[in-house]
Amino acid sequence: MSREKFVRFAEDLNAALVGRDAEIECLLTAMLCRQHCLFVGAPGTAKSMLTDAVGQWVDGSVFSVLLNKF
């Protein structure tokens with residue numbers, strides 16, 4: 001993967017997910033470091049959308065679990 005492709009993808013994500021710059025940076029940094037990233041927050045804040053987009057970009061799969069009191 002080239003640096004330009006990575007930077008372009010980060011810019012596309014920042015344009016699509018307004019106000020999620022920190023989450024995007026965290027997820028892409030975790031991906032580069034081959035580490036995990038955990039997002040905890042209120043419903044409807046684009047957590048799943050972000051991880052699904054990155055999973056599609058790398059032709060990978062995404063594992064997600066819904067944690068709630070029910």
# chains A, B, ... in the order shown; residues from 1 in each chain; ligands from 1
$ residues_around --residues "segment 14-19 of chain A" --least-positions-apart "5" --cutoff "9 Å" --atoms "only C-alpha atoms" --output "count of residues only"
5
$ residues_around --residues "Cys37 of chain A" --least-positions-apart "5" --cutoff "12 Å" --atoms "only C-alpha atoms" --output "PyMOL selection string"
chain A and resi 23-32+47+50-51+62-64
$ closest_residue --among "A:Cys33, A:Ala22, A:Val65, A:Val40" --to "Ala10 of chain A" --atoms "only C-alpha atoms"
A:Ala22
$ atom_distance --atom1 "atom CA of Asn68 of chain A" --atom2 "atom CA of Ala42 of chain A"
10.7 Å
$ closest_residue --among "A:Arg34, A:Lys69, A:Val54, A:Gly44" --to "Phe6 of chain A" --atoms "only C-alpha atoms"
A:Val54
$ select_by_dssp --residues "chain A" --states "helix (DSSP H, G or I)" --output "PyMOL selection string"
chain A and resi 3-16+21-33+47-57
